[in-house]
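Chemist: For reference, the file coords.pdb (PDB, C-alpha atoms) is included below:
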ATOM      1  CA  MET N   1     -13.501 -32.765  16.563
ATOM      2  CA  LYS N   2     -13.653 -33.253  20.313
ATOM      3  CA  GLY N   3     -13.433 -30.051  22.296
ATOM      4  CA  GLY N   4     -14.414 -27.955  19.275
ATOM      5  CA  LYS N   5     -10.845 -27.061  18.315
ATOM      6  CA  ARG N   6     -10.342 -25.417  14.969
ATOM      7  CA  GLY N   7      -7.762 -26.898  12.604
ATOM      8  CA  LYS N   8      -4.867 -24.875  11.302
ATOM      9  CA  ARG N   9      -5.227 -23.194   7.931
ATOM     10  CA  THR N  10      -3.431 -25.209   5.268
ATOM     11  CA  PRO N  11      -1.839 -23.921   2.010
ATOM     12  CA  GLU N  12      -4.782 -25.462   0.154
ATOM     13  CA  ASP N  13      -7.189 -23.433   2.298
ATOM     14  CA  GLU N  14      -5.254 -20.252   1.476
ATOM     15  CA  VAL N  15      -5.345 -21.002  -2.272
ATOM     16  CA  GLU N  16      -9.079 -21.621  -2.059
ATOM     17  CA  ARG N  17      -9.565 -18.353  -0.184
ATOM     18  CA  LEU N  18      -7.598 -16.420  -2.815
ATOM     19  CA  GLU N  19      -9.604 -18.019  -5.624
ATOM     20  CA  ARG N  20     -12.864 -17.014  -3.925
ATOM     21  CA  GLU N  21     -11.517 -13.480  -3.474
ATOM     22  CA  ILE N  22     -10.608 -13.249  -7.188
ATOM     23  CA  VAL N  23     -14.077 -14.435  -8.231
ATOM     24  CA  ARG N  24     -15.704 -11.945  -5.848
ATOM     25  CA  ARG N  25     -13.634  -9.041  -7.210
ATOM     26  CA  GLU N  26     -14.431  -9.983 -10.805
ATOM     27  CA  GLN N  27     -18.140 -10.029  -9.998
ATOM     28  CA  GLU N  28     -17.937  -6.660  -8.264
ATOM     29  CA  LEU N  29     -16.104  -5.106 -11.226
ATOM     30  CA  ALA N  30     -18.632  -6.590 -13.672
ATOM     31  CA  ASN N  31     -21.481  -5.004 -11.677
ATOM     32  CA  TRP N  32     -19.624  -1.742 -11.046
ATOM     33  CA  VAL N  33     -21.464   1.401 -12.175
ATOM     34  CA  PRO N  34     -18.916   4.283 -12.170
ATOM     35  CA  LYS N  35     -19.929   7.534 -10.468
ATOM     36  CA  THR N  36     -17.047   9.731 -11.677
ATOM     37  CA  ASP N  37     -15.751  10.759 -15.100
ATOM     38  CA  LEU N  38     -12.468   8.961 -14.419
ATOM     39  CA  GLY N  39     -14.336   5.810 -13.452
ATOM     40  CA  ARG N  40     -16.355   5.926 -16.671
ATOM     41  CA  MET N  41     -13.177   6.365 -18.742
ATOM     42  CA  VAL N  42     -11.594   3.368 -17.053
ATOM     43  CA  LYS N  43     -14.738   1.257 -17.384
ATOM     44  CA  SER N  44     -15.031   2.062 -21.113
ATOM     45  CA  GLY N  45     -11.354   1.346 -21.773
ATOM     46  CA  LYS N  46     -10.367   4.927 -22.654
ATOM     47  CA  ILE N  47      -7.827   4.699 -19.823
ATOM     48  CA  ASN N  48      -6.151   1.345 -19.378
ATOM     49  CA  SER N  49      -3.058   2.229 -17.362
ATOM     50  CA  ILE N  50      -2.654   3.434 -13.792
ATOM     51  CA  ASP N  51       0.444   5.342 -14.916
ATOM     52  CA  GLU N  52      -1.709   7.463 -17.229
ATOM     53  CA  ILE N  53      -3.862   8.486 -14.266
ATOM     54  CA  PHE N  54      -0.835   9.652 -12.278
ATOM     55  CA  ASP N  55       0.842  11.310 -15.276
ATOM     56  CA  LYS N  56      -2.280  13.407 -15.940
ATOM     57  CA  GLY N  57      -2.861  14.203 -12.276
ATOM     58  CA  TYR N  58      -6.320  12.650 -11.967
ATOM     59  CA  THR N  59      -7.794  12.063  -8.497
ATOM     60  CA  ILE N  60      -8.951   8.520  -7.767
ATOM     61  CA  MET N  61     -12.299   8.599  -5.950
ATOM     62  CA  GLU N  62     -13.479   5.030  -6.576
ATOM     63  CA  PRO N  63     -11.509   1.961  -5.399
ATOM     64  CA  GLU N  64     -12.846  -0.017  -8.364
ATOM     65  CA  ILE N  65     -10.624   2.114 -10.603
ATOM     66  CA  VAL N  66      -7.567   0.681  -8.889
ATOM     67  CA  ASP N  67      -8.981  -2.852  -8.937
ATOM     68  CA  SER N  68      -9.531  -2.528 -12.703
ATOM     69  CA  LEU N  69      -5.945  -1.508 -13.430
ATOM     70  CA  LEU N  70      -3.820  -3.248 -10.790
ATOM     71  CA  LYS N  71      -3.569  -6.716  -9.281
ATOM     72  CA  LEU N  72      -3.136  -5.916  -5.623
ATOM     73  CA  GLU N  73      -2.095  -7.890  -2.589
ATOM     74  CA  ASP N  74      -2.835  -6.749   0.926
ATOM     75  CA  GLU N  75      -1.515  -7.089   4.458
ATOM     76  CA  VAL N  76      -3.403  -6.297   7.637
ATOM     77  CA  ILE N  77      -1.165  -4.183   9.870
ATOM     78  CA  GLU N  78      -3.312  -4.119  12.970
ATOM     79  CA  ILE N  79      -6.837  -4.600  14.264
ATOM     80  CA  GLU N  80      -7.716  -2.885  17.522
ATOM     81  CA  LYS N  81     -10.875  -3.049  19.559
ATOM     82  CA  THR N  82     -11.932   0.441  20.601
ATOM     83  CA  THR N  83     -14.426   1.646  23.182
ATOM     84  CA  ARG N  84     -16.562   4.793  23.174
ATOM     85  CA  VAL N  85     -18.719   5.845  26.110
ATOM     86  CA  VAL N  86     -22.233   6.968  25.149
ATOM     87  CA  LEU N  87     -25.391   7.699  27.150
ATOM     88  CA  SER N  88     -26.546   4.089  26.886
ATOM     89  CA  GLY N  89     -23.181   2.725  28.032
ATOM     90  CA  ARG N  90     -20.051   1.535  26.264
ATOM     91  CA  LYS N  91     -20.019   1.110  22.504
ATOM     92  CA  PHE N  92     -17.395  -1.227  21.047
ATOM     93  CA  SER N  93     -15.969  -1.154  17.547
ATOM     94  CA  TYR N  94     -12.896  -2.292  15.600
ATOM     95  CA  ARG N  95     -10.276  -0.167  13.894
ATOM     96  CA  ALA N  96      -8.297  -1.861  11.130
ATOM     97  CA  SER N  97      -5.226  -0.676   9.226
ATOM     98  CA  VAL N  98      -4.256  -2.288   5.920
ATOM     99  CA  ILE N  99      -1.595  -1.796   3.250
ATOM    100  CA  VAL N 100      -2.115  -2.800  -0.391
ATOM    101  CA  GLY N 101       0.399  -3.017  -3.212
ATOM    102  CA  ASN N 102       1.126  -4.657  -6.549
ATOM    103  CA  LYS N 103       4.808  -5.437  -5.798
ATOM    104  CA  ASP N 104       5.732  -3.282  -8.781
ATOM    105  CA  GLY N 105       5.835   0.367  -7.743
ATOM    106  CA  TYR N 106       2.401   1.020  -6.241
ATOM    107  CA  ILE N 107       1.359   0.971  -2.587
ATOM    108  CA  GLY N 108      -1.389   2.418  -0.412
ATOM    109  CA  ILE N 109      -2.392   2.491   3.238
ATOM    110  CA  GLY N 110      -5.802   2.884   4.829
ATOM    111  CA  SER N 111      -7.568   2.732   8.185
ATOM    112  CA  ALA N 112     -11.261   2.348   8.958
ATOM    113  CA  LYS N 113     -13.692   1.518  11.772
ATOM    114  CA  ASP N 114     -16.719  -0.757  12.023
ATOM    115  CA  VAL N 115     -18.675  -2.573  14.692
ATOM    116  CA  ASP N 116     -17.325  -5.885  13.380
ATOM    117  CA  ARG N 117     -13.794  -7.006  12.540
ATOM    118  CA  PHE N 118     -14.170  -8.104   8.908
ATOM    119  CA  PRO N 119     -16.185  -5.097   7.674
ATOM    120  CA  ALA N 120     -13.519  -2.865   9.265
ATOM    121  CA  VAL N 121     -10.795  -4.666   7.292
ATOM    122  CA  ASN N 122     -12.752  -4.408   4.032
ATOM    123  CA  LYS N 123     -13.361  -0.684   4.589
ATOM    124  CA  ALA N 124      -9.652  -0.174   5.312
ATOM    125  CA  LYS N 125      -8.773  -1.929   2.038
ATOM    126  CA  ARG N 126     -11.042   0.444   0.110
ATOM    127  CA  VAL N 127      -9.443   3.460   1.793
ATOM    128  CA  ALA N 128      -5.963   2.079   1.027
ATOM    129  CA  LYS N 129      -6.871   1.800  -2.665
ATOM    130  CA  LEU N 130      -8.022   5.427  -2.700
ATOM    131  CA  ASN N 131      -4.661   6.340  -1.130
ATOM    132  CA  ILE N 132      -2.621   4.406  -3.696
ATOM    133  CA  ARG N 133       0.615   6.138  -4.653
ATOM    134  CA  ARG N 134       3.363   5.569  -7.202
ATOM    135  CA  ILE N 135       6.814   4.761  -5.859
ATOM    136  CA  ILE N 136       9.874   5.849  -7.817
ATOM    137  CA  ARG N 137      12.474   3.099  -7.787
ATOM    138  CA  GLY N 138      16.008   3.005  -9.085
ATOM    139  CA  SER N 139      19.251   1.065  -9.262
ATOM    140  CA  GLY N 140      21.041   0.354  -6.027
ATOM    141  CA  SER N 141      24.580   1.087  -7.211
ATOM    142  CA  TRP N 142      26.310   3.624  -9.464
ATOM    143  CA  GLU N 143      27.626   0.665 -11.478
ATOM    144  CA  GLU N 144      24.046  -0.227 -12.459
ATOM    145  CA  GLN N 145      22.868   3.165 -13.712
ATOM    146  CA  SER N 146      22.598   1.890 -17.288
ATOM    147  CA  THR N 147      20.204  -0.934 -16.401
ATOM    148  CA  ASP N 148      16.415  -0.742 -16.594
ATOM    149  CA  ASP N 149      15.955  -3.063 -13.614
ATOM    150  CA  LYS N 150      14.674  -0.737 -10.894
ATOM    151  CA  HIS N 151      15.156  -3.081  -7.952
ATOM    152  CA  SER N 152      16.085  -0.559  -5.240
ATOM    153  CA  ILE N 153      15.600   3.144  -4.467
ATOM    154  CA  PRO N 154      17.552   5.928  -6.238
ATOM    155  CA  PHE N 155      18.970   7.663  -3.154
ATOM    156  CA  LYS N 156      18.863   7.823   0.649
ATOM    157  CA  VAL N 157      15.580   9.029   2.125
ATOM    158  CA  VAL N 158      14.137   9.545   5.595
ATOM    159  CA  GLY N 159      10.515   9.286   6.681
ATOM    160  CA  GLN N 160       8.787  10.032   9.965
ATOM    161  CA  ALA N 161       5.516   9.233  11.728
ATOM    162  CA  GLY N 162       5.040  10.207  15.345
ATOM    163  CA  SER N 163       8.224   9.381  17.223
ATOM    164  CA  VAL N 164       9.339   6.845  14.590
ATOM    165  CA  ARG N 165      12.027   7.748  12.076
ATOM    166  CA  VAL N 166      12.853   5.395   9.189
ATOM    167  CA  THR N 167      15.941   5.719   6.979
ATOM    168  CA  LEU N 168      16.154   3.822   3.660
ATOM    169  CA  MET N 169      19.311   3.525   1.547
ATOM    170  CA  PRO N 170      19.979   2.067  -1.927
ATOM    171  CA  ALA N 171      21.531  -1.400  -2.067
ATOM    172  CA  PRO N 172      23.073  -3.432  -4.931
ATOM    173  CA  LYS N 173      21.445  -6.531  -6.369
ATOM    174  CA  GLY N 174      21.460  -9.544  -4.124
ATOM    175  CA  THR N 175      21.359  -7.576  -0.880
ATOM    176  CA  GLY N 176      17.702  -8.282  -0.240
ATOM    177  CA  ILE N 177      15.463  -6.282   2.075
ATOM    178  CA  ALA N 178      17.789  -5.589   4.986
ATOM    179  CA  VAL N 179      15.315  -3.816   7.277
ATOM    180  CA  GLY N 180      13.365  -4.564  10.439
ATOM    181  CA  LYS N 181      10.319  -6.808  10.310
ATOM    182  CA  ASN N 182       7.999  -3.881  11.098
ATOM    183  CA  ILE N 183       8.583  -2.259   7.690
ATOM    184  CA  ARG N 184       9.538  -5.254   5.555
ATOM    185  CA  GLY N 185       5.987  -5.766   4.269
ATOM    186  CA  VAL N 186       5.836  -2.173   2.987
ATOM    187  CA  LEU N 187       8.914  -2.632   0.799
ATOM    188  CA  VAL N 188       7.771  -6.032  -0.477
ATOM    189  CA  LEU N 189       4.383  -4.676  -1.582
ATOM    190  CA  ALA N 190       6.050  -1.587  -3.097
ATOM    191  CA  GLY N 191       8.315  -3.757  -5.257
ATOM    192  CA  VAL N 192      11.632  -2.754  -3.663
ATOM    193  CA  ARG N 193      13.791  -5.887  -3.684
ATOM    194  CA  ASP N 194      17.148  -4.585  -2.423
ATOM    195  CA  VAL N 195      17.493  -1.927   0.265
ATOM    196  CA  TRP N 196      19.259  -1.101   3.509
ATOM    197  CA  GLY N 197      17.272   0.504   6.274
ATOM    198  CA  LYS N 198      17.070   1.372   9.926
ATOM    199  CA  ALA N 199      14.320   2.593  12.212
ATOM    200  CA  LYS N 200      14.327   4.559  15.447
ATOM    201  CA  GLY N 201      11.433   5.168  17.775
ATOM    202  CA  ARG N 202      10.200   4.410  21.268
ATOM    203  CA  THR N 203       6.920   2.748  20.446
ATOM    204  CA  SER N 204       5.524  -0.732  20.007
ATOM    205  CA  ILE N 205       2.882   0.464  17.522
ATOM    206  CA  ARG N 206       3.716  -1.137  14.191
ATOM    207  CA  LEU N 207       1.440   1.259  12.309
ATOM    208  CA  ASN N 208       3.801   4.163  12.994
ATOM    209  CA  PHE N 209       6.733   2.224  11.528
ATOM    210  CA  VAL N 210       4.675   1.437   8.422
ATOM    211  CA  LYS N 211       3.602   5.072   8.010
ATOM    212  CA  ALA N 212       7.195   6.247   8.429
ATOM    213  CA  ALA N 213       8.404   3.783   5.779
ATOM    214  CA  ILE N 214       5.739   4.950   3.314
ATOM    215  CA  ASP N 215       6.620   8.569   4.104
ATOM    216  CA  ALA N 216      10.245   7.756   3.257
ATOM    217  CA  LEU N 217       9.189   6.282  -0.100
ATOM    218  CA  ASP N 218       7.034   9.362  -0.747
ATOM    219  CA  GLU N 219      10.074  11.524  -0.038
ATOM    220  CA  ILE N 220      11.673  10.165  -3.228
ATOM    221  CA  SER N 221       8.866  11.692  -5.301
ATOM    222  CA  ARG N 222       9.013  14.986  -3.394
ATOM    223  CA  ILE N 223      12.766  15.332  -3.876
ATOM    224  CA  LYS N 224      12.538  14.419  -7.558
ATOM    225  CA  MET N 225       9.717  16.933  -8.086
ATOM    226  CA  ASN N 226      11.774  19.693  -6.468
ATOM    227  CA  LYS N 227      14.780  18.849  -8.639
ATOM    228  CA  ASP N 228      12.636  18.895 -11.785
ATOM    229  CA  MET N 229      11.248  22.314 -10.817
ATOM    230  CA  GLU N 230      14.768  23.637 -10.207
ATOM    231  CA  ARG N 231      15.857  22.475 -13.664
ATOM    232  CA  LYS N 232      12.761  24.041 -15.236
ATOM    233  CA  PHE N 233      13.321  27.457 -13.690
ATOM    234  CA  ALA N 234      17.062  27.282 -14.312
ATOM    235  CA  LYS N 235      16.341  27.251 -18.039
TER     236      LYS N 235
END
So, in terms of structure tokens, how does the structure I just supplied come out?
Modeler:
Amino acid sequence: MKGGKRGKRTPEDEVERLEREIVRREQELANWVPKTDLGRMVKSGKINSIDEIFDKGYTIMEPEIVDSLLKLEDEVIEIEKTTRVVLSGRKFSYRASVIVGNKDGYIGIGSAKDVDRFPAVNKAKRVAKLNIRRIIRGSGSWEEQSTDDKHSIPFKVVGQAGSVRVTLMPAPKGTGIAVGKNIRGVLVLAGVRDVWGKAKGRTSIRLNFVKAAIDALDEISRIKMNKDMERKFAK
């Protein structure tokens, strides 16, 4: 092509990229040699559910454990070029932040640095998998309490990161994800299909909005844990 212009990525190119990524992950898992007891239990098939890991309180120290049990999608939140002054001059590197999720109750976030862009993204993905957490979902209306379709969140929660404050509220079926674009990807990857939300904060850094949204989702687990403890001691 004259002028050396690059063509736009087509849907076929994206499908091909995803297929290559799937093949690469399968090869990595086939060659994976676990270094932890949990990894060996997952590799041998003694544990075949991510829920079992969270129910028993195991700590995930190998990203391959998550890859073995979940089909994850990812979204790059930001890539920044950073500069550090050393004796020999300026040293440049990239810092990447990525969120991963299975769109069914699990999400993680990670950040990492590298001298090149793509290794930084791959490192951030590995960190995000190690930070995977389970999101408690619920019905979005009191009229739906008898259903098993957990399409929303169970109650109003608030999360914060820096100067950003995110509020999420349950919504009935059909509402959709009624939030700002900065935190929409978090809820999609977490598997929340109907929710109302609002965000406040004087910053243009999207990462803070994402962290605040994840903190709000984590707040559901914290509140539920406190309620369970109150019931236990009340008995």
Chemist: Using only C-alpha atoms, find each residue in range 167-200 of chain N having at least one atom no more than 8 Å away from range 214-224 of chain N; report its shortest atom-to-atom pair and that distance in Å (one decimal), rows by chain then rising number, as a tab-separated table.
Modeler:
residue	atom	partner	partner_atom	distance
N:Thr167	CA	N:Ala216	CA	7.1
N:Leu168	CA	N:Ala216	CA	7.1
N:Val186	CA	N:Ile214	CA	7.1
Chemist: Using only C-alpha atoms for the distances, tell me which of N:Ser44, N:Ser88, N:Thr82, N:Gln160 is nearest to Ala112 in chain N.
Modeler: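 Smallest separation from Ala112 in chain N among the options: N:Thr82.
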Chemist: Quick one: residues within 7 Å of Ile99 in chain N, all atoms listed in the file counted, chain neighbours fewer than 5 positions away excluded, as a list in words?
Modeler: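 Counting all atoms listed in the file, the residues come to Asp74, Glu75, Val76, Gly108, Ile109, Gly110 and Ala128 of chain N.
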Chemist: Can I get the selection written as a JSON list (two decimals), in the frame of the given file, with C-alpha atoms?
Modeler:
[["chain", "number", "residue", "atom", "x", "y", "z"],
["N", 74, "ASP", "CA", -2.84, -6.75, 0.93],
["N", 75, "GLU", "CA", -1.52, -7.09, 4.46],
["N", 76, "VAL", "CA", -3.40, -6.30, 7.64],
["N", 108, "GLY", "CA", -1.39, 2.42, -0.41],
["N", 109, "ILE", "CA", -2.39, 2.49, 3.24],
["N", 110, "GLY", "CA", -5.80, 2.88, 4.83],
["N", 128, "ALA", "CA", -5.96, 2.08, 1.03]]
Chemist: Return as JSON the box centre and box size in Å, one decimal, for an axis-aligned box around all listed atoms of range 98-117 of chain N padded by 6 Å per side.
Modeler:
{"center_x": -6.4, "center_y": -2.1, "center_z": 3.0, "size_x": 36.5, "size_y": 21.9, "size_z": 35.5}
Chemist: Work out how far apart CA of Ile53 in chain N and CA of Ser111 in chain N are and give it in Å to one decimal.
Modeler: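 Taking CA of Ile53 in chain N as the start and CA of Ser111 in chain N as the end point, the length is 23.5 Å.
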Chemist: On this structure, which residues satisfy the PyMOL selection byres ((chain N and resi 26-43) around 8), written as a list in words?
Modeler: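 With the shown file as input, the PyMOL selection byres ((chain N and resi 26-43) around 8) matches Ile22, Val23, Arg24, Arg25, Ser44, Gly45, Lys46, Ile47, Asn48, Tyr58, Ile60, Met61, Glu62, Glu64, Ile65, Asp67 and Ser68 of chain N.
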Chemist: Using CA of Val157 in chain N and CA of Ala96 in chain N as the two end points, give the distance in Å to one decimal.
Modeler: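 Between CA of Val157 in chain N and CA of Ala96 in chain N the gap is 27.7 Å.
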Chemist: Do you have the CA of Thr203 in chain N-CA of Lys123 in chain N distance handy?
Modeler: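 Value for the CA of Thr203 in chain N-CA of Lys123 in chain N distance: 26.0 Å.
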Chemist: Mind telling me what the PyMOL selection byres ((chain N and resi 70) around 12) catches here, as a PyMOL selection string?
Modeler: chain N and resi 25+42+48-51+63-69+71-73+100-107+129+132+134
Chemist: Could you check which of N:Asp116, N:Glu78, N:Asp194, N:Asp148 is closest to Arg206 in chain N, using only C-alpha atoms?
Modeler: N:Glu78
Chemist: May I have the residues within 6 Å of Ser93 in chain N as a list of chain:residue names, using all atoms listed in the file and disregarding those fewer than 6 positions away in the same chain?
Modeler: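 Answer for this query is N:Lys81, N:Thr82, N:Asp114, N:Val115.
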Chemist: Considering only C-alpha atoms, state which residue in the set N:Gly138, N:Gly89, N:Pro11, N:Pro119 is at the smallest distance from Lys173 in chain N.
Modeler: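 Closest to Lys173 in chain N, using only C-alpha atoms: N:Gly138.
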Chemist: Could you tell me which residues the PyMOL selection byres ((chain N and resi 200) around 12) returns for this structure, as an mmCIF file with C-alpha atoms, in the frame of the given file?
Modeler:
data_model
loop_
_atom_site.group_PDB
_atom_site.id
_atom_site.type_symbol
_atom_site.label_atom_id
_atom_site.label_comp_id
_atom_site.auth_asym_id
_atom_site.auth_seq_id
_atom_site.Cartn_x
_atom_site.Cartn_y
_atom_site.Cartn_z
ATOM 1 C CA VAL N 158 14.137 9.545 5.595
ATOM 2 C CA GLY N 159 10.515 9.286 6.681
ATOM 3 C CA GLN N 160 8.787 10.032 9.965
ATOM 4 C CA ALA N 161 5.516 9.233 11.728
ATOM 5 C CA GLY N 162 5.040 10.207 15.345
ATOM 6 C CA SER N 163 8.224 9.381 17.223
ATOM 7 C CA VAL N 164 9.339 6.845 14.590
ATOM 8 C CA ARG N 165 12.027 7.748 12.076
ATOM 9 C CA VAL N 166 12.853 5.395 9.189
ATOM 10 C CA THR N 167 15.941 5.719 6.979
ATOM 11 C CA LEU N 168 16.154 3.822 3.660
ATOM 12 C CA VAL N 179 15.315 -3.816 7.277
ATOM 13 C CA GLY N 180 13.365 -4.564 10.439
ATOM 14 C CA ASN N 182 7.999 -3.881 11.098
ATOM 15 C CA ILE N 183 8.583 -2.259 7.690
ATOM 16 C CA GLY N 197 17.272 0.504 6.274
ATOM 17 C CA LYS N 198 17.070 1.372 9.926
ATOM 18 C CA ALA N 199 14.320 2.593 12.212
ATOM 19 C CA GLY N 201 11.433 5.168 17.775
ATOM 20 C CA ARG N 202 10.200 4.410 21.268
ATOM 21 C CA THR N 203 6.920 2.748 20.446
ATOM 22 C CA SER N 204 5.524 -0.732 20.007
ATOM 23 C CA ASN N 208 3.801 4.163 12.994
ATOM 24 C CA PHE N 209 6.733 2.224 11.528
ATOM 25 C CA ALA N 212 7.195 6.247 8.429
ATOM 26 C CA ALA N 213 8.404 3.783 5.779
#
Chemist: For Lys181 in chain N, which of N:Phe118, N:Glu52, N:Lys91, N:Val210 is the closest residue, counting only C-alpha atoms?
Modeler: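 Comparing N:Phe118, N:Glu52, N:Lys91, N:Val210 against Lys181 in chain N, the winner is N:Val210.
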Chemist: Report as a list in words all protein, DNA and RNA residues lying within 7 Å of Phe155 in chain N, evaluated on only C-alpha atoms, omitting residues in the same chain fewer than 2 positions from it.
Modeler: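 So, after excluding close chain neighbours, the residues are Ile153, Val157, Met169 and Pro170 of chain N.
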Chemist: Which is closer to Val98 in chain N than all the others in N:Val85, N:Glu19, N:Lys113, N:Ile77, using all atoms listed in the file?
Modeler: N:Ile77
